[in-house]
file entry_25.cif (mmCIF, N, CA, C and O atoms)
data_work
loop_
_atom_site.group_PDB
_atom_site.id
_atom_site.type_symbol
_atom_site.label_atom_id
_atom_site.label_comp_id
_atom_site.auth_asym_id
_atom_site.auth_seq_id
_atom_site.Cartn_x
_atom_site.Cartn_y
_atom_site.Cartn_z
ATOM 1 N N MET A 232 -77.947 -105.686 36.888
ATOM 2 C CA MET A 232 -78.939 -106.376 37.692
ATOM 3 C C MET A 232 -79.039 -107.842 37.291
ATOM 4 O O MET A 232 -79.257 -108.681 38.153
ATOM 5 N N ALA A 233 -78.897 -108.126 35.999
ATOM 6 C CA ALA A 233 -78.992 -109.510 35.541
ATOM 7 C C ALA A 233 -77.865 -110.352 36.122
ATOM 8 O O ALA A 233 -78.097 -111.476 36.576
ATOM 9 N N ILE A 234 -76.660 -109.820 36.126
ATOM 10 C CA ILE A 234 -75.526 -110.574 36.673
ATOM 11 C C ILE A 234 -75.701 -110.755 38.175
ATOM 12 O O ILE A 234 -75.435 -111.829 38.710
ATOM 13 N N ARG A 235 -76.178 -109.727 38.866
ATOM 14 C CA ARG A 235 -76.440 -109.848 40.306
ATOM 15 C C ARG A 235 -77.478 -110.938 40.569
ATOM 16 O O ARG A 235 -77.391 -111.670 41.557
ATOM 17 N N ALA A 236 -78.447 -111.080 39.659
ATOM 18 C CA ALA A 236 -79.485 -112.103 39.814
ATOM 19 C C ALA A 236 -79.010 -113.497 39.439
ATOM 20 O O ALA A 236 -79.730 -114.466 39.616
ATOM 21 N N GLY A 237 -77.770 -113.603 38.913
ATOM 22 C CA GLY A 237 -77.222 -114.912 38.590
ATOM 23 C C GLY A 237 -77.086 -115.219 37.113
ATOM 24 O O GLY A 237 -76.575 -116.270 36.746
ATOM 25 N N TYR A 238 -77.550 -114.329 36.260
ATOM 26 C CA TYR A 238 -77.415 -114.557 34.824
ATOM 27 C C TYR A 238 -75.940 -114.525 34.439
ATOM 28 O O TYR A 238 -75.177 -113.686 34.916
ATOM 29 N N ARG A 239 -75.541 -115.446 33.575
ATOM 30 C CA ARG A 239 -74.157 -115.485 33.104
ATOM 31 C C ARG A 239 -74.088 -115.530 31.576
ATOM 32 O O ARG A 239 -73.030 -115.560 30.998
ATOM 33 N N ASN A 240 -75.244 -115.568 30.914
ATOM 34 C CA ASN A 240 -75.319 -115.536 29.458
ATOM 35 C C ASN A 240 -75.967 -114.213 29.076
ATOM 36 O O ASN A 240 -77.155 -114.001 29.311
ATOM 37 N N ILE A 241 -75.175 -113.321 28.499
ATOM 38 C CA ILE A 241 -75.639 -111.982 28.169
ATOM 39 C C ILE A 241 -75.734 -111.863 26.645
ATOM 40 O O ILE A 241 -74.794 -112.177 25.926
ATOM 41 N N ASP A 242 -76.878 -111.405 26.162
ATOM 42 C CA ASP A 242 -77.132 -111.308 24.729
ATOM 43 C C ASP A 242 -77.193 -109.841 24.314
ATOM 44 O O ASP A 242 -77.776 -109.010 25.004
ATOM 45 N N THR A 243 -76.582 -109.538 23.193
ATOM 46 C CA THR A 243 -76.599 -108.190 22.644
ATOM 47 C C THR A 243 -76.597 -108.297 21.120
ATOM 48 O O THR A 243 -76.576 -109.390 20.575
ATOM 49 N N ALA A 244 -76.634 -107.161 20.447
ATOM 50 C CA ALA A 244 -76.594 -107.171 18.986
ATOM 51 C C ALA A 244 -76.247 -105.784 18.476
ATOM 52 O O ALA A 244 -76.599 -104.775 19.100
ATOM 53 N N GLU A 245 -75.591 -105.765 17.337
ATOM 54 C CA GLU A 245 -75.301 -104.494 16.673
ATOM 55 C C GLU A 245 -76.596 -103.715 16.448
ATOM 56 O O GLU A 245 -76.666 -102.507 16.680
ATOM 57 N N GLY A 246 -77.646 -104.419 16.033
ATOM 58 C CA GLY A 246 -78.927 -103.786 15.749
ATOM 59 C C GLY A 246 -79.631 -103.244 16.971
ATOM 60 O O GLY A 246 -80.462 -102.337 16.862
ATOM 61 N N TYR A 247 -79.334 -103.765 18.159
ATOM 62 C CA TYR A 247 -79.928 -103.248 19.391
ATOM 63 C C TYR A 247 -79.260 -101.936 19.806
ATOM 64 O O TYR A 247 -79.765 -101.234 20.663
ATOM 65 N N MET A 248 -78.089 -101.682 19.242
ATOM 66 C CA MET A 248 -77.279 -100.498 19.567
ATOM 67 C C MET A 248 -76.985 -100.420 21.064
ATOM 68 O O MET A 248 -77.040 -99.351 21.673
ATOM 69 N N ASN A 249 -76.690 -101.579 21.669
ATOM 70 C CA ASN A 249 -76.432 -101.598 23.107
ATOM 71 C C ASN A 249 -75.102 -102.246 23.469
ATOM 72 O O ASN A 249 -74.821 -102.483 24.643
ATOM 73 N N GLU A 250 -74.251 -102.519 22.501
ATOM 74 C CA GLU A 250 -73.009 -103.249 22.778
ATOM 75 C C GLU A 250 -72.102 -102.485 23.744
ATOM 76 O O GLU A 250 -71.560 -103.077 24.682
ATOM 77 N N LYS A 251 -71.945 -101.191 23.545
ATOM 78 C CA LYS A 251 -71.084 -100.415 24.429
ATOM 79 C C LYS A 251 -71.606 -100.450 25.871
ATOM 80 O O LYS A 251 -70.856 -100.707 26.806
ATOM 81 N N GLY A 252 -72.897 -100.208 26.046
ATOM 82 C CA GLY A 252 -73.490 -100.216 27.383
ATOM 83 C C GLY A 252 -73.453 -101.583 28.034
ATOM 84 O O GLY A 252 -73.204 -101.704 29.231
ATOM 85 N N VAL A 253 -73.689 -102.625 27.250
ATOM 86 C CA VAL A 253 -73.632 -103.989 27.780
ATOM 87 C C VAL A 253 -72.211 -104.295 28.252
ATOM 88 O O VAL A 253 -72.006 -104.830 29.346
ATOM 89 N N GLY A 254 -71.221 -103.931 27.435
ATOM 90 C CA GLY A 254 -69.834 -104.158 27.823
ATOM 91 C C GLY A 254 -69.481 -103.439 29.108
ATOM 92 O O GLY A 254 -68.839 -104.011 30.009
ATOM 93 N N GLU A 255 -69.909 -102.190 29.231
ATOM 94 C CA GLU A 255 -69.643 -101.423 30.450
ATOM 95 C C GLU A 255 -70.299 -102.081 31.662
ATOM 96 O O GLU A 255 -69.684 -102.207 32.719
ATOM 97 N N GLY A 256 -71.534 -102.491 31.486
ATOM 98 C CA GLY A 256 -72.246 -103.142 32.585
ATOM 99 C C GLY A 256 -71.608 -104.450 33.002
ATOM 100 O O GLY A 256 -71.497 -104.745 34.198
ATOM 101 N N VAL A 257 -71.182 -105.241 32.032
ATOM 102 C CA VAL A 257 -70.522 -106.517 32.335
ATOM 103 C C VAL A 257 -69.219 -106.270 33.085
ATOM 104 O O VAL A 257 -68.932 -106.915 34.092
ATOM 105 N N ARG A 258 -68.418 -105.320 32.619
ATOM 106 C CA ARG A 258 -67.150 -105.028 33.299
ATOM 107 C C ARG A 258 -67.385 -104.545 34.729
ATOM 108 O O ARG A 258 -66.698 -104.983 35.660
ATOM 109 N N LEU A 259 -68.345 -103.667 34.924
ATOM 110 C CA LEU A 259 -68.651 -103.183 36.276
ATOM 111 C C LEU A 259 -69.104 -104.326 37.183
ATOM 112 O O LEU A 259 -68.670 -104.430 38.330
ATOM 113 N N ALA A 260 -69.986 -105.166 36.669
ATOM 114 C CA ALA A 260 -70.492 -106.286 37.468
ATOM 115 C C ALA A 260 -69.388 -107.292 37.775
ATOM 116 O O ALA A 260 -69.337 -107.846 38.884
ATOM 117 N N MET A 261 -68.495 -107.534 36.817
ATOM 118 C CA MET A 261 -67.388 -108.457 37.071
ATOM 119 C C MET A 261 -66.541 -107.938 38.221
ATOM 120 O O MET A 261 -66.159 -108.707 39.115
ATOM 121 N N ASN A 262 -66.251 -106.643 38.220
ATOM 122 C CA ASN A 262 -65.464 -106.060 39.311
ATOM 123 C C ASN A 262 -66.215 -106.126 40.631
ATOM 124 O O ASN A 262 -65.648 -106.488 41.656
ATOM 125 N N GLU A 263 -67.480 -105.774 40.604
ATOM 126 C CA GLU A 263 -68.280 -105.731 41.825
ATOM 127 C C GLU A 263 -68.449 -107.108 42.463
ATOM 128 O O GLU A 263 -68.425 -107.241 43.685
ATOM 129 N N TYR A 264 -68.617 -108.136 41.643
ATOM 130 C CA TYR A 264 -68.902 -109.470 42.163
ATOM 131 C C TYR A 264 -67.710 -110.420 42.072
ATOM 132 O O TYR A 264 -67.847 -111.616 42.328
ATOM 133 N N GLY A 265 -66.543 -109.900 41.697
ATOM 134 C CA GLY A 265 -65.328 -110.717 41.657
ATOM 135 C C GLY A 265 -65.358 -111.816 40.617
ATOM 136 O O GLY A 265 -64.767 -112.873 40.816
ATOM 137 N N LEU A 266 -66.012 -111.564 39.498
ATOM 138 C CA LEU A 266 -66.097 -112.564 38.440
ATOM 139 C C LEU A 266 -64.950 -112.402 37.457
ATOM 140 O O LEU A 266 -64.445 -111.305 37.252
ATOM 141 N N LYS A 267 -64.584 -113.504 36.829
ATOM 142 C CA LYS A 267 -63.583 -113.483 35.768
ATOM 143 C C LYS A 267 -64.309 -113.477 34.427
ATOM 144 O O LYS A 267 -65.483 -113.837 34.343
ATOM 145 N N ARG A 268 -63.586 -113.082 33.393
ATOM 146 C CA ARG A 268 -64.197 -113.003 32.062
ATOM 147 C C ARG A 268 -64.790 -114.342 31.637
ATOM 148 O O ARG A 268 -65.868 -114.396 31.051
ATOM 149 N N GLU A 269 -64.114 -115.427 31.959
ATOM 150 C CA GLU A 269 -64.616 -116.739 31.545
ATOM 151 C C GLU A 269 -65.871 -117.171 32.310
ATOM 152 O O GLU A 269 -66.496 -118.172 31.978
ATOM 153 N N ASP A 270 -66.261 -116.397 33.330
ATOM 154 C CA ASP A 270 -67.485 -116.694 34.077
ATOM 155 C C ASP A 270 -68.740 -116.207 33.351
ATOM 156 O O ASP A 270 -69.848 -116.589 33.722
ATOM 157 N N ILE A 271 -68.556 -115.365 32.348
ATOM 158 C CA ILE A 271 -69.693 -114.756 31.666
ATOM 159 C C ILE A 271 -69.606 -115.026 30.168
ATOM 160 O O ILE A 271 -68.557 -114.839 29.556
ATOM 161 N N PHE A 272 -70.709 -115.474 29.601
ATOM 162 C CA PHE A 272 -70.793 -115.734 28.159
ATOM 163 C C PHE A 272 -71.562 -114.585 27.524
ATOM 164 O O PHE A 272 -72.715 -114.329 27.878
ATOM 165 N N VAL A 273 -70.910 -113.864 26.612
ATOM 166 C CA VAL A 273 -71.545 -112.738 25.934
ATOM 167 C C VAL A 273 -71.683 -113.081 24.455
ATOM 168 O O VAL A 273 -70.704 -113.451 23.808
ATOM 169 N N SER A 274 -72.885 -112.973 23.943
ATOM 170 C CA SER A 274 -73.098 -113.196 22.510
ATOM 171 C C SER A 274 -73.629 -111.905 21.897
ATOM 172 O O SER A 274 -74.320 -111.127 22.548
ATOM 173 N N THR A 275 -73.276 -111.702 20.647
ATOM 174 C CA THR A 275 -73.797 -110.566 19.904
ATOM 175 C C THR A 275 -74.111 -111.041 18.491
ATOM 176 O O THR A 275 -73.655 -112.107 18.070
ATOM 177 N N LYS A 276 -74.897 -110.261 17.805
ATOM 178 C CA LYS A 276 -75.319 -110.644 16.464
ATOM 179 C C LYS A 276 -74.971 -109.546 15.477
ATOM 180 O O LYS A 276 -74.978 -108.375 15.823
ATOM 181 N N LEU A 277 -74.692 -109.962 14.266
ATOM 182 C CA LEU A 277 -74.349 -109.026 13.202
ATOM 183 C C LEU A 277 -75.609 -108.517 12.519
ATOM 184 O O LEU A 277 -76.631 -109.193 12.476
ATOM 185 N N TRP A 278 -75.498 -107.345 11.963
ATOM 186 C CA TRP A 278 -76.580 -106.796 11.162
ATOM 187 C C TRP A 278 -76.612 -107.525 9.823
ATOM 188 O O TRP A 278 -75.611 -108.077 9.371
ATOM 189 N N ASN A 279 -77.735 -107.540 9.160
ATOM 190 C CA ASN A 279 -77.900 -108.272 7.897
ATOM 191 C C ASN A 279 -76.907 -107.854 6.823
ATOM 192 O O ASN A 279 -76.554 -108.655 5.952
ATOM 193 N N ASP A 280 -76.476 -106.605 6.828
ATOM 194 C CA ASP A 280 -75.532 -106.119 5.813
ATOM 195 C C ASP A 280 -74.144 -106.747 5.945
ATOM 196 O O ASP A 280 -73.319 -106.617 5.046
ATOM 197 N N ASN A 281 -73.871 -107.405 7.046
ATOM 198 C CA ASN A 281 -72.537 -107.942 7.310
ATOM 199 C C ASN A 281 -72.426 -109.436 7.029
ATOM 200 O O ASN A 281 -71.723 -110.158 7.728
ATOM 201 N N ARG A 282 -73.065 -109.884 5.993
ATOM 202 C CA ARG A 282 -72.976 -111.290 5.594
ATOM 203 C C ARG A 282 -71.711 -111.523 4.782
ATOM 204 O O ARG A 282 -71.215 -110.623 4.111
ATOM 205 N N GLY A 283 -71.216 -112.735 4.854
ATOM 206 C CA GLY A 283 -69.983 -113.088 4.155
ATOM 207 C C GLY A 283 -68.813 -112.995 5.118
ATOM 208 O O GLY A 283 -68.830 -112.232 6.081
ATOM 209 N N TYR A 284 -67.806 -113.792 4.863
ATOM 210 C CA TYR A 284 -66.686 -113.926 5.803
ATOM 211 C C TYR A 284 -66.003 -112.598 6.114
ATOM 212 O O TYR A 284 -65.852 -112.235 7.285
ATOM 213 N N ASP A 285 -65.581 -111.880 5.101
ATOM 214 C CA ASP A 285 -64.820 -110.649 5.331
ATOM 215 C C ASP A 285 -65.642 -109.600 6.074
ATOM 216 O O ASP A 285 -65.161 -108.993 7.032
ATOM 217 N N LYS A 286 -66.875 -109.401 5.653
ATOM 218 C CA LYS A 286 -67.737 -108.428 6.328
ATOM 219 C C LYS A 286 -68.035 -108.863 7.764
ATOM 220 O O LYS A 286 -68.054 -108.038 8.679
ATOM 221 N N ALA A 287 -68.262 -110.154 7.937
ATOM 222 C CA ALA A 287 -68.565 -110.659 9.273
ATOM 223 C C ALA A 287 -67.371 -110.496 10.222
ATOM 224 O O ALA A 287 -67.537 -110.094 11.373
ATOM 225 N N MET A 288 -66.187 -110.767 9.745
ATOM 226 C CA MET A 288 -64.999 -110.634 10.588
ATOM 227 C C MET A 288 -64.742 -109.173 10.951
ATOM 228 O O MET A 288 -64.372 -108.859 12.092
ATOM 229 N N LYS A 289 -64.965 -108.288 10.006
ATOM 230 C CA LYS A 289 -64.793 -106.856 10.285
ATOM 231 C C LYS A 289 -65.839 -106.398 11.312
ATOM 232 O O LYS A 289 -65.524 -105.676 12.262
ATOM 233 N N ALA A 290 -67.082 -106.820 11.131
ATOM 234 C CA ALA A 290 -68.146 -106.455 12.065
ATOM 235 C C ALA A 290 -67.880 -107.042 13.447
ATOM 236 O O ALA A 290 -68.166 -106.406 14.466
ATOM 237 N N PHE A 291 -67.332 -108.260 13.497
ATOM 238 C CA PHE A 291 -66.986 -108.878 14.773
ATOM 239 C C PHE A 291 -65.981 -108.001 15.520
ATOM 240 O O PHE A 291 -66.115 -107.766 16.722
ATOM 241 N N GLU A 292 -64.969 -107.517 14.827
ATOM 242 C CA GLU A 292 -63.952 -106.664 15.464
ATOM 243 C C GLU A 292 -64.571 -105.370 15.979
ATOM 244 O O GLU A 292 -64.233 -104.914 17.070
ATOM 245 N N VAL A 293 -65.474 -104.786 15.210
ATOM 246 C CA VAL A 293 -66.144 -103.562 15.651
ATOM 247 C C VAL A 293 -66.963 -103.849 16.911
ATOM 248 O O VAL A 293 -66.892 -103.105 17.896
ATOM 249 N N SER A 294 -67.723 -104.932 16.903
ATOM 250 C CA SER A 294 -68.529 -105.294 18.071
ATOM 251 C C SER A 294 -67.651 -105.601 19.277
ATOM 252 O O SER A 294 -67.952 -105.182 20.398
ATOM 253 N N ARG A 295 -66.563 -106.323 19.051
ATOM 254 C CA ARG A 295 -65.654 -106.666 20.155
ATOM 255 C C ARG A 295 -65.094 -105.402 20.800
ATOM 256 O O ARG A 295 -65.032 -105.290 22.021
ATOM 257 N N LYS A 296 -64.726 -104.434 19.984
ATOM 258 C CA LYS A 296 -64.198 -103.174 20.522
ATOM 259 C C LYS A 296 -65.279 -102.389 21.258
ATOM 260 O O LYS A 296 -65.015 -101.793 22.302
ATOM 261 N N LYS A 297 -66.490 -102.387 20.728
ATOM 262 C CA LYS A 297 -67.584 -101.703 21.426
ATOM 263 C C LYS A 297 -67.851 -102.342 22.784
ATOM 264 O O LYS A 297 -68.075 -101.646 23.773
ATOM 265 N N LEU A 298 -67.842 -103.660 22.819
ATOM 266 C CA LEU A 298 -68.070 -104.370 24.076
ATOM 267 C C LEU A 298 -66.920 -104.156 25.058
ATOM 268 O O LEU A 298 -67.131 -104.137 26.264
ATOM 269 N N GLY A 299 -65.705 -104.005 24.532
ATOM 270 C CA GLY A 299 -64.555 -103.779 25.399
ATOM 271 C C GLY A 299 -64.222 -104.973 26.268
ATOM 272 O O GLY A 299 -63.694 -104.821 27.365
ATOM 273 N N LEU A 300 -64.534 -106.162 25.788
ATOM 274 C CA LEU A 300 -64.290 -107.379 26.550
ATOM 275 C C LEU A 300 -63.207 -108.200 25.859
ATOM 276 O O LEU A 300 -63.100 -108.203 24.641
ATOM 277 N N VAL A 301 -62.452 -108.914 26.637
ATOM 278 C CA VAL A 301 -61.436 -109.809 26.086
ATOM 279 C C VAL A 301 -62.131 -111.056 25.585
ATOM 280 O O VAL A 301 -62.947 -111.656 26.293
ATOM 281 N N TRP A 302 -61.824 -111.436 24.367
ATOM 282 C CA TRP A 302 -62.417 -112.629 23.772
ATOM 283 C C TRP A 302 -61.672 -113.849 24.304
ATOM 284 O O TRP A 302 -60.445 -113.930 24.239
ATOM 285 N N THR A 303 -62.395 -114.822 24.843
ATOM 286 C CA THR A 303 -61.772 -116.016 25.420
ATOM 287 C C THR A 303 -61.985 -117.240 24.553
ATOM 288 O O THR A 303 -61.832 -118.353 25.026
ATOM 289 N N GLY A 304 -62.358 -117.036 23.286
ATOM 290 C CA GLY A 304 -62.648 -118.173 22.400
ATOM 291 C C GLY A 304 -61.446 -118.778 21.789
ATOM 292 O O GLY A 304 -60.320 -118.518 22.019
#
call {"tool": "encode", "arguments": {"input": "entry_25.cif", "output": "structure tokens"}}
result
Amino acid sequence: MAIRAGYRNIDTAEGYMNEKGVGEGVRLAMNEYGLKREDIFVSTKLWNDNRGYDKAMKAFEVSRKKLGLVWTG
């Protein structure tokens, strides 16, 4: 509904436990409205336990896989 309303910045977090659902919703909306991945900005946040470079990079990969989105950075 947010993408249909024009939102293009989608926020999620490991702690919200919604990354998988957000990713599914974004992919469905992209298909429905003919959007490309670069049309939508998705941000997520790490849990406090994932501080430090190595932990953060590992957590990023887990979040990226849960979201199921191609990273365009």
call {"tool": "resolve_selection", "arguments": {"input": "entry_25.cif", "expression": "the PyMOL selection byres ((chain A and resi 243-253) around 5)", "output": "NGL selection string"}}
result
:A and (241-242 or 254-258 or 274-276 or 297-298)
call {"tool": "atom_distance", "arguments": {"input": "entry_25.cif", "atom1": "atom C of A:Tyr284", "atom2": "atom CA of A:Lys267"}}
result
29.8 Å
call {"tool": "atom_distance", "arguments": {"input": "entry_25.cif", "atom1": "atom N of A:Val301", "atom2": "atom O of A:Ala287"}}
result
16.1 Å
call {"tool": "resolve_selection", "arguments": {"input": "entry_25.cif", "expression": "the PyMOL selection byres ((chain A and resi 270) around 7)", "output": "PyMOL selection string"}}
result
chain A and resi 238-240+266-269+271-272
call {"tool": "select_by_dssp", "arguments": {"input": "entry_25.cif", "residues": "chain A", "states": "helix (DSSP H, G or I)", "output": "CSV table (one decimal) with N, CA, C and O atoms, in the frame of the given file"}}
result
chain,number,residue,atom,x,y,z
A,245,GLU,N,-75.6,-105.8,17.3
A,245,GLU,CA,-75.3,-104.5,16.7
A,245,GLU,C,-76.6,-103.7,16.4
A,245,GLU,O,-76.7,-102.5,16.7
A,246,GLY,N,-77.6,-104.4,16.0
A,246,GLY,CA,-78.9,-103.8,15.7
A,246,GLY,C,-79.6,-103.2,17.0
A,246,GLY,O,-80.5,-102.3,16.9
A,247,TYR,N,-79.3,-103.8,18.2
A,247,TYR,CA,-79.9,-103.2,19.4
A,247,TYR,C,-79.3,-101.9,19.8
A,247,TYR,O,-79.8,-101.2,20.7
A,250,GLU,N,-74.3,-102.5,22.5
A,250,GLU,CA,-73.0,-103.2,22.8
A,250,GLU,C,-72.1,-102.5,23.7
A,250,GLU,O,-71.6,-103.1,24.7
A,251,LYS,N,-71.9,-101.2,23.5
A,251,LYS,CA,-71.1,-100.4,24.4
A,251,LYS,C,-71.6,-100.4,25.9
A,251,LYS,O,-70.9,-100.7,26.8
A,252,GLY,N,-72.9,-100.2,26.0
A,252,GLY,CA,-73.5,-100.2,27.4
A,252,GLY,C,-73.5,-101.6,28.0
A,252,GLY,O,-73.2,-101.7,29.2
A,253,VAL,N,-73.7,-102.6,27.2
A,253,VAL,CA,-73.6,-104.0,27.8
A,253,VAL,C,-72.2,-104.3,28.3
A,253,VAL,O,-72.0,-104.8,29.3
A,254,GLY,N,-71.2,-103.9,27.4
A,254,GLY,CA,-69.8,-104.2,27.8
A,254,GLY,C,-69.5,-103.4,29.1
A,254,GLY,O,-68.8,-104.0,30.0
A,255,GLU,N,-69.9,-102.2,29.2
A,255,GLU,CA,-69.6,-101.4,30.4
A,255,GLU,C,-70.3,-102.1,31.7
A,255,GLU,O,-69.7,-102.2,32.7
A,256,GLY,N,-71.5,-102.5,31.5
A,256,GLY,CA,-72.2,-103.1,32.6
A,256,GLY,C,-71.6,-104.4,33.0
A,256,GLY,O,-71.5,-104.7,34.2
A,257,VAL,N,-71.2,-105.2,32.0
A,257,VAL,CA,-70.5,-106.5,32.3
A,257,VAL,C,-69.2,-106.3,33.1
A,257,VAL,O,-68.9,-106.9,34.1
A,258,ARG,N,-68.4,-105.3,32.6
A,258,ARG,CA,-67.2,-105.0,33.3
A,258,ARG,C,-67.4,-104.5,34.7
A,258,ARG,O,-66.7,-105.0,35.7
A,259,LEU,N,-68.3,-103.7,34.9
A,259,LEU,CA,-68.7,-103.2,36.3
A,259,LEU,C,-69.1,-104.3,37.2
A,259,LEU,O,-68.7,-104.4,38.3
A,260,ALA,N,-70.0,-105.2,36.7
A,260,ALA,CA,-70.5,-106.3,37.5
A,260,ALA,C,-69.4,-107.3,37.8
A,260,ALA,O,-69.3,-107.8,38.9
A,261,MET,N,-68.5,-107.5,36.8
A,261,MET,CA,-67.4,-108.5,37.1
A,261,MET,C,-66.5,-107.9,38.2
A,261,MET,O,-66.2,-108.7,39.1
A,262,ASN,N,-66.3,-106.6,38.2
A,262,ASN,CA,-65.5,-106.1,39.3
A,262,ASN,C,-66.2,-106.1,40.6
A,262,ASN,O,-65.6,-106.5,41.7
A,263,GLU,N,-67.5,-105.8,40.6
A,263,GLU,CA,-68.3,-105.7,41.8
A,263,GLU,C,-68.4,-107.1,42.5
A,263,GLU,O,-68.4,-107.2,43.7
A,264,TYR,N,-68.6,-108.1,41.6
A,264,TYR,CA,-68.9,-109.5,42.2
A,264,TYR,C,-67.7,-110.4,42.1
A,264,TYR,O,-67.8,-111.6,42.3
A,268,ARG,N,-63.6,-113.1,33.4
A,268,ARG,CA,-64.2,-113.0,32.1
A,268,ARG,C,-64.8,-114.3,31.6
A,268,ARG,O,-65.9,-114.4,31.1
A,269,GLU,N,-64.1,-115.4,32.0
A,269,GLU,CA,-64.6,-116.7,31.5
A,269,GLU,C,-65.9,-117.2,32.3
A,269,GLU,O,-66.5,-118.2,32.0
A,270,ASP,N,-66.3,-116.4,33.3
A,270,ASP,CA,-67.5,-116.7,34.1
A,270,ASP,C,-68.7,-116.2,33.4
A,270,ASP,O,-69.8,-116.6,33.7
A,279,ASN,N,-77.7,-107.5,9.2
A,279,ASN,CA,-77.9,-108.3,7.9
A,279,ASN,C,-76.9,-107.9,6.8
A,279,ASN,O,-76.6,-108.7,6.0
A,280,ASP,N,-76.5,-106.6,6.8
A,280,ASP,CA,-75.5,-106.1,5.8
A,280,ASP,C,-74.1,-106.7,5.9
A,280,ASP,O,-73.3,-106.6,5.0
A,281,ASN,N,-73.9,-107.4,7.0
A,281,ASN,CA,-72.5,-107.9,7.3
A,281,ASN,C,-72.4,-109.4,7.0
A,281,ASN,O,-71.7,-110.2,7.7
A,284,TYR,N,-67.8,-113.8,4.9
A,284,TYR,CA,-66.7,-113.9,5.8
A,284,TYR,C,-66.0,-112.6,6.1
A,284,TYR,O,-65.9,-112.2,7.3
A,285,ASP,N,-65.6,-111.9,5.1
A,285,ASP,CA,-64.8,-110.6,5.3
A,285,ASP,C,-65.6,-109.6,6.1
A,285,ASP,O,-65.2,-109.0,7.0
A,286,LYS,N,-66.9,-109.4,5.7
A,286,LYS,CA,-67.7,-108.4,6.3
A,286,LYS,C,-68.0,-108.9,7.8
A,286,LYS,O,-68.1,-108.0,8.7
A,287,ALA,N,-68.3,-110.2,7.9
A,287,ALA,CA,-68.6,-110.7,9.3
A,287,ALA,C,-67.4,-110.5,10.2
A,287,ALA,O,-67.5,-110.1,11.4
A,288,MET,N,-66.2,-110.8,9.7
A,288,MET,CA,-65.0,-110.6,10.6
A,288,MET,C,-64.7,-109.2,11.0
A,288,MET,O,-64.4,-108.9,12.1
A,289,LYS,N,-65.0,-108.3,10.0
A,289,LYS,CA,-64.8,-106.9,10.3
A,289,LYS,C,-65.8,-106.4,11.3
A,289,LYS,O,-65.5,-105.7,12.3
A,290,ALA,N,-67.1,-106.8,11.1
A,290,ALA,CA,-68.1,-106.5,12.1
A,290,ALA,C,-67.9,-107.0,13.4
A,290,ALA,O,-68.2,-106.4,14.5
A,291,PHE,N,-67.3,-108.3,13.5
A,291,PHE,CA,-67.0,-108.9,14.8
A,291,PHE,C,-66.0,-108.0,15.5
A,291,PHE,O,-66.1,-107.8,16.7
A,292,GLU,N,-65.0,-107.5,14.8
A,292,GLU,CA,-64.0,-106.7,15.5
A,292,GLU,C,-64.6,-105.4,16.0
A,292,GLU,O,-64.2,-104.9,17.1
A,293,VAL,N,-65.5,-104.8,15.2
A,293,VAL,CA,-66.1,-103.6,15.7
A,293,VAL,C,-67.0,-103.8,16.9
A,293,VAL,O,-66.9,-103.1,17.9
A,294,SER,N,-67.7,-104.9,16.9
A,294,SER,CA,-68.5,-105.3,18.1
A,294,SER,C,-67.7,-105.6,19.3
A,294,SER,O,-68.0,-105.2,20.4
A,295,ARG,N,-66.6,-106.3,19.1
A,295,ARG,CA,-65.7,-106.7,20.2
A,295,ARG,C,-65.1,-105.4,20.8
A,295,ARG,O,-65.0,-105.3,22.0
A,296,LYS,N,-64.7,-104.4,20.0
A,296,LYS,CA,-64.2,-103.2,20.5
A,296,LYS,C,-65.3,-102.4,21.3
A,296,LYS,O,-65.0,-101.8,22.3
A,297,LYS,N,-66.5,-102.4,20.7
A,297,LYS,CA,-67.6,-101.7,21.4
A,297,LYS,C,-67.9,-102.3,22.8
A,297,LYS,O,-68.1,-101.6,23.8
A,298,LEU,N,-67.8,-103.7,22.8
A,298,LEU,CA,-68.1,-104.4,24.1
A,298,LEU,C,-66.9,-104.2,25.1
A,298,LEU,O,-67.1,-104.1,26.3
call {"tool": "atom_distance", "arguments": {"input": "entry_25.cif", "atom1": "atom CA of A:Leu277", "atom2": "atom N of A:Arg235"}}
result
25.7 Å
